[in-house]
>>> print(open('start_16.pdb').read())   # PDB, C-alpha atoms
MODEL        1
ATOM      1  CA  MET A 194       4.915 -10.393  -9.267  1.00  0.00           C
ATOM      2  CA  ASP A 195       7.173  -8.113 -11.269  1.00  0.00           C
ATOM      3  CA  VAL A 196      10.341  -7.094  -9.415  1.00  0.00           C
ATOM      4  CA  GLN A 197      12.859  -4.687 -10.930  1.00  0.00           C
ATOM      5  CA  LEU A 198      15.331  -3.767  -8.234  1.00  0.00           C
ATOM      6  CA  GLN A 199      18.955  -2.708  -8.299  1.00  0.00           C
ATOM      7  CA  ASP A 200      21.331  -2.550  -5.383  1.00  0.00           C
ATOM      8  CA  GLY A 201      19.980  -0.405  -2.607  1.00  0.00           C
ATOM      9  CA  ILE A 202      19.256  -0.261   1.079  1.00  0.00           C
ATOM     10  CA  LEU A 203      15.952   0.438   2.786  1.00  0.00           C
ATOM     11  CA  ASN A 204      16.123   1.519   6.414  1.00  0.00           C
ATOM     12  CA  ILE A 205      12.856   0.070   7.714  1.00  0.00           C
ATOM     13  CA  ASP A 206      11.466  -1.839  10.652  1.00  0.00           C
ATOM     14  CA  PRO A 207      10.778  -5.265   9.100  1.00  0.00           C
ATOM     15  CA  GLN A 208       8.130  -6.191  11.673  1.00  0.00           C
ATOM     16  CA  LEU A 209       6.139  -3.063  10.899  1.00  0.00           C
ATOM     17  CA  PHE A 210       6.448  -3.621   7.165  1.00  0.00           C
ATOM     18  CA  GLN A 211       5.204  -7.164   7.574  1.00  0.00           C
ATOM     19  CA  GLU A 212       2.026  -5.537   8.945  1.00  0.00           C
ATOM     20  CA  VAL A 213       1.947  -3.126   5.981  1.00  0.00           C
ATOM     21  CA  PHE A 214       2.072  -5.900   3.384  1.00  0.00           C
ATOM     22  CA  VAL A 215      -0.376  -8.152   5.238  1.00  0.00           C
ATOM     23  CA  GLU A 216      -2.878  -5.281   5.474  1.00  0.00           C
ATOM     24  CA  LEU A 217      -2.516  -4.250   1.820  1.00  0.00           C
ATOM     25  CA  PHE A 218      -3.033  -7.804   0.568  1.00  0.00           C
ATOM     26  CA  ALA A 219      -5.829  -8.572   3.064  1.00  0.00           C
ATOM     27  CA  ASN A 220      -7.714  -5.454   1.935  1.00  0.00           C
ATOM     28  CA  ALA A 221      -7.263  -6.427  -1.699  1.00  0.00           C
ATOM     29  CA  PHE A 222      -8.767  -9.863  -1.073  1.00  0.00           C
ATOM     30  CA  GLN A 223     -11.596  -8.725   1.215  1.00  0.00           C
ATOM     31  CA  HIS A 224     -13.011  -5.524  -0.277  1.00  0.00           C
ATOM     32  CA  ASP A 225     -15.013  -5.859  -3.494  1.00  0.00           C
ATOM     33  CA  ARG A 226     -12.373  -7.793  -5.371  1.00  0.00           C
ATOM     34  CA  GLY A 227     -13.060  -8.140  -9.075  1.00  0.00           C
ATOM     35  CA  LYS A 228     -12.173 -11.031 -11.342  1.00  0.00           C
ATOM     36  CA  GLY A 229      -8.535 -11.503 -12.188  1.00  0.00           C
ATOM     37  CA  PRO A 230      -5.237 -11.747 -10.358  1.00  0.00           C
ATOM     38  CA  LEU A 231      -3.698  -9.284  -7.956  1.00  0.00           C
ATOM     39  CA  VAL A 232      -0.507  -7.948  -9.514  1.00  0.00           C
ATOM     40  CA  ALA A 233       2.348  -6.673  -7.349  1.00  0.00           C
ATOM     41  CA  THR A 234       5.270  -4.716  -8.748  1.00  0.00           C
ATOM     42  CA  ALA A 235       8.434  -3.467  -7.075  1.00  0.00           C
ATOM     43  CA  ARG A 236      11.046  -1.175  -8.564  1.00  0.00           C
ATOM     44  CA  ILE A 237      13.500   1.568  -7.749  1.00  0.00           C
ATOM     45  CA  SER A 238      13.015   4.945  -9.407  1.00  0.00           C
ATOM     46  CA  ASP A 239      14.586   8.320  -8.602  1.00  0.00           C
ATOM     47  CA  GLY A 240      16.054   7.120  -5.302  1.00  0.00           C
ATOM     48  CA  GLN A 241      12.797   5.590  -4.107  1.00  0.00           C
ATOM     49  CA  PHE A 242      11.585   2.038  -3.614  1.00  0.00           C
ATOM     50  CA  LEU A 243       8.143   1.798  -5.209  1.00  0.00           C
ATOM     51  CA  PHE A 244       5.757  -1.050  -4.436  1.00  0.00           C
ATOM     52  CA  SER A 245       2.425  -1.132  -6.260  1.00  0.00           C
ATOM     53  CA  LEU A 246      -0.494  -3.466  -5.790  1.00  0.00           C
ATOM     54  CA  HIS A 247      -2.948  -3.656  -8.702  1.00  0.00           C
ATOM     55  CA  GLU A 248      -6.390  -4.900  -7.623  1.00  0.00           C
ATOM     56  CA  PRO A 249      -9.154  -5.801 -10.053  1.00  0.00           C
ATOM     57  CA  LYS A 250     -12.280  -3.852  -9.064  1.00  0.00           C
ATOM     58  CA  ALA A 251     -15.259  -3.792 -11.409  1.00  0.00           C
ATOM     59  CA  VAL A 252     -16.954  -1.195  -9.200  1.00  0.00           C
ATOM     60  CA  PHE A 253     -15.146   1.420  -7.148  1.00  0.00           C
ATOM     61  CA  SER A 254     -16.757   4.548  -5.741  1.00  0.00           C
ATOM     62  CA  SER A 255     -14.364   5.642  -2.988  1.00  0.00           C
ATOM     63  CA  GLU A 256     -12.256   8.776  -3.187  1.00  0.00           C
ATOM     64  CA  THR A 257      -8.526   8.084  -3.330  1.00  0.00           C
ATOM     65  CA  GLN A 258      -6.985  11.477  -2.522  1.00  0.00           C
ATOM     66  CA  ASN A 259      -7.293  10.803   1.242  1.00  0.00           C
ATOM     67  CA  TRP A 260      -6.440   7.099   0.948  1.00  0.00           C
ATOM     68  CA  GLY A 261      -5.655   5.802   4.421  1.00  0.00           C
ATOM     69  CA  ARG A 262      -6.339   9.148   6.095  1.00  0.00           C
ATOM     70  CA  GLU A 263      -9.951   8.550   7.128  1.00  0.00           C
ATOM     71  CA  PRO A 264     -10.220   6.022   9.957  1.00  0.00           C
ATOM     72  CA  PHE A 265     -13.721   5.026  11.032  1.00  0.00           C
ATOM     73  CA  ARG A 266     -15.148   5.995   7.622  1.00  0.00           C
ATOM     74  CA  ASN A 267     -16.352   2.479   6.747  1.00  0.00           C
ATOM     75  CA  ILE A 268     -17.327   0.655   9.907  1.00  0.00           C
ATOM     76  CA  ARG A 269     -18.564  -2.941   9.957  1.00  0.00           C
ATOM     77  CA  GLN A 270     -18.632  -5.539  12.678  1.00  0.00           C
ATOM     78  CA  ARG A 271     -15.067  -5.811  14.055  1.00  0.00           C
ATOM     79  CA  HIS A 272     -13.754  -3.587  11.233  1.00  0.00           C
ATOM     80  CA  TYR A 273     -13.190   0.091  11.913  1.00  0.00           C
ATOM     81  CA  GLY A 274     -11.305   1.324   8.870  1.00  0.00           C
ATOM     82  CA  LEU A 275      -8.064   1.560  10.815  1.00  0.00           C
ATOM     83  CA  GLY A 276      -5.910  -0.742   8.681  1.00  0.00           C
ATOM     84  CA  LEU A 277      -4.986   1.637   5.863  1.00  0.00           C
ATOM     85  CA  ASN A 278      -4.611   4.462   8.359  1.00  0.00           C
ATOM     86  CA  ARG A 279      -2.004   2.394  10.224  1.00  0.00           C
ATOM     87  CA  VAL A 280      -0.325   1.428   6.939  1.00  0.00           C
ATOM     88  CA  ARG A 281      -0.048   5.102   5.991  1.00  0.00           C
ATOM     89  CA  ALA A 282       1.311   6.035   9.432  1.00  0.00           C
ATOM     90  CA  ILE A 283       4.006   3.330   9.248  1.00  0.00           C
ATOM     91  CA  ILE A 284       5.039   4.339   5.735  1.00  0.00           C
ATOM     92  CA  GLU A 285       5.134   8.048   6.585  1.00  0.00           C
ATOM     93  CA  ALA A 286       7.124   7.362   9.778  1.00  0.00           C
ATOM     94  CA  HIS A 287       9.766   5.847   7.477  1.00  0.00           C
ATOM     95  CA  GLY A 288       9.834   8.963   5.274  1.00  0.00           C
ATOM     96  CA  GLY A 289       7.588   7.538   2.573  1.00  0.00           C
ATOM     97  CA  GLY A 290       4.136   7.999   1.155  1.00  0.00           C
ATOM     98  CA  LEU A 291       1.057   6.027   0.142  1.00  0.00           C
ATOM     99  CA  GLN A 292      -1.286   6.842  -2.697  1.00  0.00           C
ATOM    100  CA  ALA A 293      -4.069   5.106  -4.575  1.00  0.00           C
ATOM    101  CA  GLN A 294      -5.603   5.646  -7.968  1.00  0.00           C
ATOM    102  CA  TYR A 295      -8.523   3.944  -9.653  1.00  0.00           C
ATOM    103  CA  ASP A 296      -8.381   3.326 -13.393  1.00  0.00           C
ATOM    104  CA  PRO A 297     -11.987   2.825 -14.548  1.00  0.00           C
ATOM    105  CA  LYS A 298     -10.968   1.704 -18.049  1.00  0.00           C
ATOM    106  CA  ALA A 299      -8.824  -1.118 -16.655  1.00  0.00           C
ATOM    107  CA  ALA A 300     -11.183  -1.591 -13.658  1.00  0.00           C
ATOM    108  CA  THR A 301      -8.115  -1.590 -11.421  1.00  0.00           C
ATOM    109  CA  LEU A 302      -7.247   0.071  -8.128  1.00  0.00           C
ATOM    110  CA  VAL A 303      -3.512   0.732  -7.861  1.00  0.00           C
ATOM    111  CA  SER A 304      -2.094   1.371  -4.384  1.00  0.00           C
ATOM    112  CA  THR A 305       1.516   2.583  -4.425  1.00  0.00           C
ATOM    113  CA  MET A 306       3.929   2.819  -1.521  1.00  0.00           C
ATOM    114  CA  ALA A 307       7.053   4.945  -1.980  1.00  0.00           C
ATOM    115  CA  LEU A 308       9.993   4.733   0.419  1.00  0.00           C
ATOM    116  CA  PRO A 309      13.296   6.594   0.251  1.00  0.00           C
ATOM    117  CA  MET A 310      16.367   4.494  -0.475  1.00  0.00           C
ATOM    118  CA  SER A 311      19.398   4.846   1.765  1.00  0.00           C
ATOM    119  CA  SER A 312      22.663   6.140   0.330  1.00  0.00           C
ATOM    120  CA  GLY A 313      24.127   2.705   1.022  1.00  0.00           C
ATOM    121  CA  GLN A 314      26.217   3.884   3.938  1.00  0.00           C
ATOM    122  CA  SER A 315      25.536   2.363   7.323  1.00  0.00           C
ATOM    123  CA  GLU A 316      23.934   4.887   9.646  1.00  0.00           C
ATOM    124  CA  HIS A 317      25.465   3.142  12.654  1.00  0.00           C
ATOM    125  CA  GLY A 318      29.093   3.188  11.773  1.00  0.00           C
TER
ENDMDL
END
>>> encode(input="start_16.pdb", output="structure tokens")
Amino acid sequence: MDVQLQDGILNIDPQLFQEVFVELFANAFQHDRGKGPLVATARISDGQFLFSLHEPKAVFSSETQNWGREPFRNIRQRHYGLGLNRVRAIIEAHGGGLQAQYDPKAATLVSTMALPMSSGQSEHG
């Protein structure tokens, strides 16, 4: 894990973001994982907290422009494609965004979550 963070405050619901991270990592382990480690990075850039998960994927044929916006697209027994949709909804409810991009040369899927940083002032006082 590569973490490059300065001082900053995220105004998030920690219980919901526990679900976000569990879902992102579970998907990375369960869906056509390639050989090699998962690599997570976290940094602050332009007033945003950026978390990226790099997944090795030798083969990847899904479209990424609607990543997490198409529930029920891939249905299997007890899996309905709702996980990334929920992840996206949680992130967007916190003012952020989720995107994914596949790099065929590196055979890596990179999912990136962006969340706005707080000004550092308490919103409650």
>>> resolve_selection(input="start_16.pdb", expression="the PyMOL selection byres ((chain A and resi 310) around 9)", output="count of residues only")
13
>>> closest_residue(input="start_16.pdb", among="A:Glu248, A:Asp200, A:Asp206, A:Glu256", to="Gly227 (chain A)", atoms="all atoms listed in the file")
A:Glu248
>>> closest_residue(input="start_16.pdb", among="A:Ala235, A:Ile205, A:Ala221, A:Leu243", to="Leu291 (chain A)", atoms="all atoms listed in the file")
A:Leu243
>>> residues_near_point(input="start_16.pdb", point="(0.3, -3.2, 4.1)", cutoff="10 Å", atoms="all atoms listed in the file", output="list in words")
Leu209, Phe210, Gln211, Glu212, Val213, Phe214, Val215, Glu216, Leu217, Phe218, Ala219, Asn220, Leu246, Gly276, Leu277, Arg279, Val280, Arg281, Ile283, Ile284, Ser304 and Met306 of chain A
>>> atom_distance(input="start_16.pdb", atom1="CA of Gly289 (chain A)", atom2="CA of Pro249 (chain A)")
24.9 Å
>>> build_atoms(input="start_16.pdb", residues="region 216-227 of chain A", atoms="all heavy atoms", output="PDB file, in the coordinates of the input")
ATOM      1  N   GLU A 216      -1.677  -6.117   5.561  1.00  0.00           N
ATOM      2  CA  GLU A 216      -2.878  -5.281   5.474  1.00  0.00           C
ATOM      3  C   GLU A 216      -3.231  -4.947   4.026  1.00  0.00           C
ATOM      4  O   GLU A 216      -4.394  -5.023   3.634  1.00  0.00           O
ATOM      5  CB  GLU A 216      -2.699  -3.984   6.276  1.00  0.00           C
ATOM      6  CG  GLU A 216      -3.924  -3.105   6.314  1.00  0.00           C
ATOM      7  CD  GLU A 216      -5.094  -3.718   7.069  1.00  0.00           C
ATOM      8  OE1 GLU A 216      -4.885  -4.514   7.999  1.00  0.00           O
ATOM      9  OE2 GLU A 216      -6.247  -3.380   6.721  1.00  0.00           O
ATOM     10  N   LEU A 217      -2.245  -4.577   3.222  1.00  0.00           N
ATOM     11  CA  LEU A 217      -2.516  -4.250   1.820  1.00  0.00           C
ATOM     12  C   LEU A 217      -3.112  -5.445   1.077  1.00  0.00           C
ATOM     13  O   LEU A 217      -4.096  -5.307   0.346  1.00  0.00           O
ATOM     14  CB  LEU A 217      -1.243  -3.767   1.124  1.00  0.00           C
ATOM     15  CG  LEU A 217      -0.738  -2.389   1.520  1.00  0.00           C
ATOM     16  CD1 LEU A 217       0.603  -2.104   0.849  1.00  0.00           C
ATOM     17  CD2 LEU A 217      -1.740  -1.309   1.181  1.00  0.00           C
ATOM     18  N   PHE A 218      -2.519  -6.627   1.261  1.00  0.00           N
ATOM     19  CA  PHE A 218      -3.033  -7.804   0.568  1.00  0.00           C
ATOM     20  C   PHE A 218      -4.377  -8.252   1.140  1.00  0.00           C
ATOM     21  O   PHE A 218      -5.269  -8.647   0.392  1.00  0.00           O
ATOM     22  CB  PHE A 218      -2.008  -8.951   0.590  1.00  0.00           C
ATOM     23  CG  PHE A 218      -0.956  -8.805  -0.467  1.00  0.00           C
ATOM     24  CD1 PHE A 218       0.251  -8.190  -0.178  1.00  0.00           C
ATOM     25  CD2 PHE A 218      -1.182  -9.267  -1.755  1.00  0.00           C
ATOM     26  CE1 PHE A 218       1.224  -8.048  -1.157  1.00  0.00           C
ATOM     27  CE2 PHE A 218      -0.218  -9.126  -2.744  1.00  0.00           C
ATOM     28  CZ  PHE A 218       0.991  -8.512  -2.440  1.00  0.00           C
ATOM     29  N   ALA A 219      -4.545  -8.187   2.459  1.00  0.00           N
ATOM     30  CA  ALA A 219      -5.829  -8.572   3.064  1.00  0.00           C
ATOM     31  C   ALA A 219      -6.947  -7.674   2.536  1.00  0.00           C
ATOM     32  O   ALA A 219      -8.024  -8.164   2.179  1.00  0.00           O
ATOM     33  CB  ALA A 219      -5.746  -8.494   4.585  1.00  0.00           C
ATOM     34  N   ASN A 220      -6.703  -6.375   2.474  1.00  0.00           N
ATOM     35  CA  ASN A 220      -7.714  -5.454   1.935  1.00  0.00           C
ATOM     36  C   ASN A 220      -8.052  -5.802   0.496  1.00  0.00           C
ATOM     37  O   ASN A 220      -9.215  -5.773   0.098  1.00  0.00           O
ATOM     38  CB  ASN A 220      -7.225  -4.011   2.009  1.00  0.00           C
ATOM     39  CG  ASN A 220      -7.479  -3.383   3.353  1.00  0.00           C
ATOM     40  OD1 ASN A 220      -8.166  -3.936   4.194  1.00  0.00           O
ATOM     41  ND2 ASN A 220      -6.903  -2.214   3.558  1.00  0.00           N
ATOM     42  N   ALA A 221      -7.038  -6.115  -0.282  1.00  0.00           N
ATOM     43  CA  ALA A 221      -7.263  -6.427  -1.699  1.00  0.00           C
ATOM     44  C   ALA A 221      -8.145  -7.665  -1.861  1.00  0.00           C
ATOM     45  O   ALA A 221      -8.990  -7.721  -2.756  1.00  0.00           O
ATOM     46  CB  ALA A 221      -5.927  -6.640  -2.403  1.00  0.00           C
ATOM     47  N   PHE A 222      -7.969  -8.639  -0.988  1.00  0.00           N
ATOM     48  CA  PHE A 222      -8.767  -9.863  -1.073  1.00  0.00           C
ATOM     49  C   PHE A 222     -10.171  -9.692  -0.497  1.00  0.00           C
ATOM     50  O   PHE A 222     -11.108 -10.348  -0.937  1.00  0.00           O
ATOM     51  CB  PHE A 222      -8.065 -11.028  -0.374  1.00  0.00           C
ATOM     52  CG  PHE A 222      -6.987 -11.657  -1.196  1.00  0.00           C
ATOM     53  CD1 PHE A 222      -5.656 -11.450  -0.884  1.00  0.00           C
ATOM     54  CD2 PHE A 222      -7.293 -12.461  -2.290  1.00  0.00           C
ATOM     55  CE1 PHE A 222      -4.654 -12.034  -1.647  1.00  0.00           C
ATOM     56  CE2 PHE A 222      -6.298 -13.053  -3.057  1.00  0.00           C
ATOM     57  CZ  PHE A 222      -4.973 -12.832  -2.736  1.00  0.00           C
ATOM     58  N   GLN A 223     -10.341  -8.797   0.473  1.00  0.00           N
ATOM     59  CA  GLN A 223     -11.596  -8.725   1.215  1.00  0.00           C
ATOM     60  C   GLN A 223     -12.586  -7.677   0.721  1.00  0.00           C
ATOM     61  O   GLN A 223     -13.771  -7.783   0.989  1.00  0.00           O
ATOM     62  CB  GLN A 223     -11.310  -8.432   2.694  1.00  0.00           C
ATOM     63  CG  GLN A 223     -10.599  -9.551   3.390  1.00  0.00           C
ATOM     64  CD  GLN A 223     -10.172  -9.167   4.794  1.00  0.00           C
ATOM     65  OE1 GLN A 223     -10.452  -8.072   5.260  1.00  0.00           O
ATOM     66  NE2 GLN A 223      -9.498 -10.075   5.470  1.00  0.00           N
ATOM     67  N   HIS A 224     -12.130  -6.660   0.024  1.00  0.00           N
ATOM     68  CA  HIS A 224     -13.011  -5.524  -0.277  1.00  0.00           C
ATOM     69  C   HIS A 224     -13.325  -5.431  -1.764  1.00  0.00           C
ATOM     70  O   HIS A 224     -12.560  -4.873  -2.541  1.00  0.00           O
ATOM     71  CB  HIS A 224     -12.379  -4.217   0.218  1.00  0.00           C
ATOM     72  CG  HIS A 224     -12.174  -4.196   1.696  1.00  0.00           C
ATOM     73  ND1 HIS A 224     -13.214  -4.068   2.592  1.00  0.00           N
ATOM     74  CD2 HIS A 224     -11.059  -4.311   2.444  1.00  0.00           C
ATOM     75  CE1 HIS A 224     -12.740  -4.095   3.821  1.00  0.00           C
ATOM     76  NE2 HIS A 224     -11.432  -4.238   3.756  1.00  0.00           N
ATOM     77  N   ASP A 225     -14.477  -5.990  -2.134  1.00  0.00           N
ATOM     78  CA  ASP A 225     -15.013  -5.859  -3.494  1.00  0.00           C
ATOM     79  C   ASP A 225     -14.024  -6.243  -4.592  1.00  0.00           C
ATOM     80  O   ASP A 225     -13.900  -5.562  -5.598  1.00  0.00           O
ATOM     81  CB  ASP A 225     -15.511  -4.421  -3.740  1.00  0.00           C
ATOM     82  CG  ASP A 225     -16.570  -4.014  -2.748  1.00  0.00           C
ATOM     83  OD1 ASP A 225     -17.425  -4.863  -2.428  1.00  0.00           O
ATOM     84  OD2 ASP A 225     -16.543  -2.861  -2.283  1.00  0.00           O
ATOM     85  N   ARG A 226     -13.351  -7.344  -4.382  1.00  0.00           N
ATOM     86  CA  ARG A 226     -12.373  -7.793  -5.371  1.00  0.00           C
ATOM     87  C   ARG A 226     -13.075  -8.204  -6.655  1.00  0.00           C
ATOM     88  O   ARG A 226     -14.058  -8.920  -6.651  1.00  0.00           O
ATOM     89  CB  ARG A 226     -11.578  -8.968  -4.818  1.00  0.00           C
ATOM     90  CG  ARG A 226     -10.508  -9.417  -5.788  1.00  0.00           C
ATOM     91  CD  ARG A 226      -9.549 -10.384  -5.150  1.00  0.00           C
ATOM     92  NE  ARG A 226      -8.628 -10.840  -6.171  1.00  0.00           N
ATOM     93  CZ  ARG A 226      -8.227 -12.074  -6.303  1.00  0.00           C
ATOM     94  NH1 ARG A 226      -8.647 -12.992  -5.465  1.00  0.00           N
ATOM     95  NH2 ARG A 226      -7.400 -12.402  -7.263  1.00  0.00           N
ATOM     96  N   GLY A 227     -12.547  -7.759  -7.774  1.00  0.00           N
ATOM     97  CA  GLY A 227     -13.060  -8.140  -9.075  1.00  0.00           C
ATOM     98  C   GLY A 227     -12.414  -9.428  -9.549  1.00  0.00           C
ATOM     99  O   GLY A 227     -11.612 -10.046  -8.854  1.00  0.00           O
TER     100      GLY A 227
END
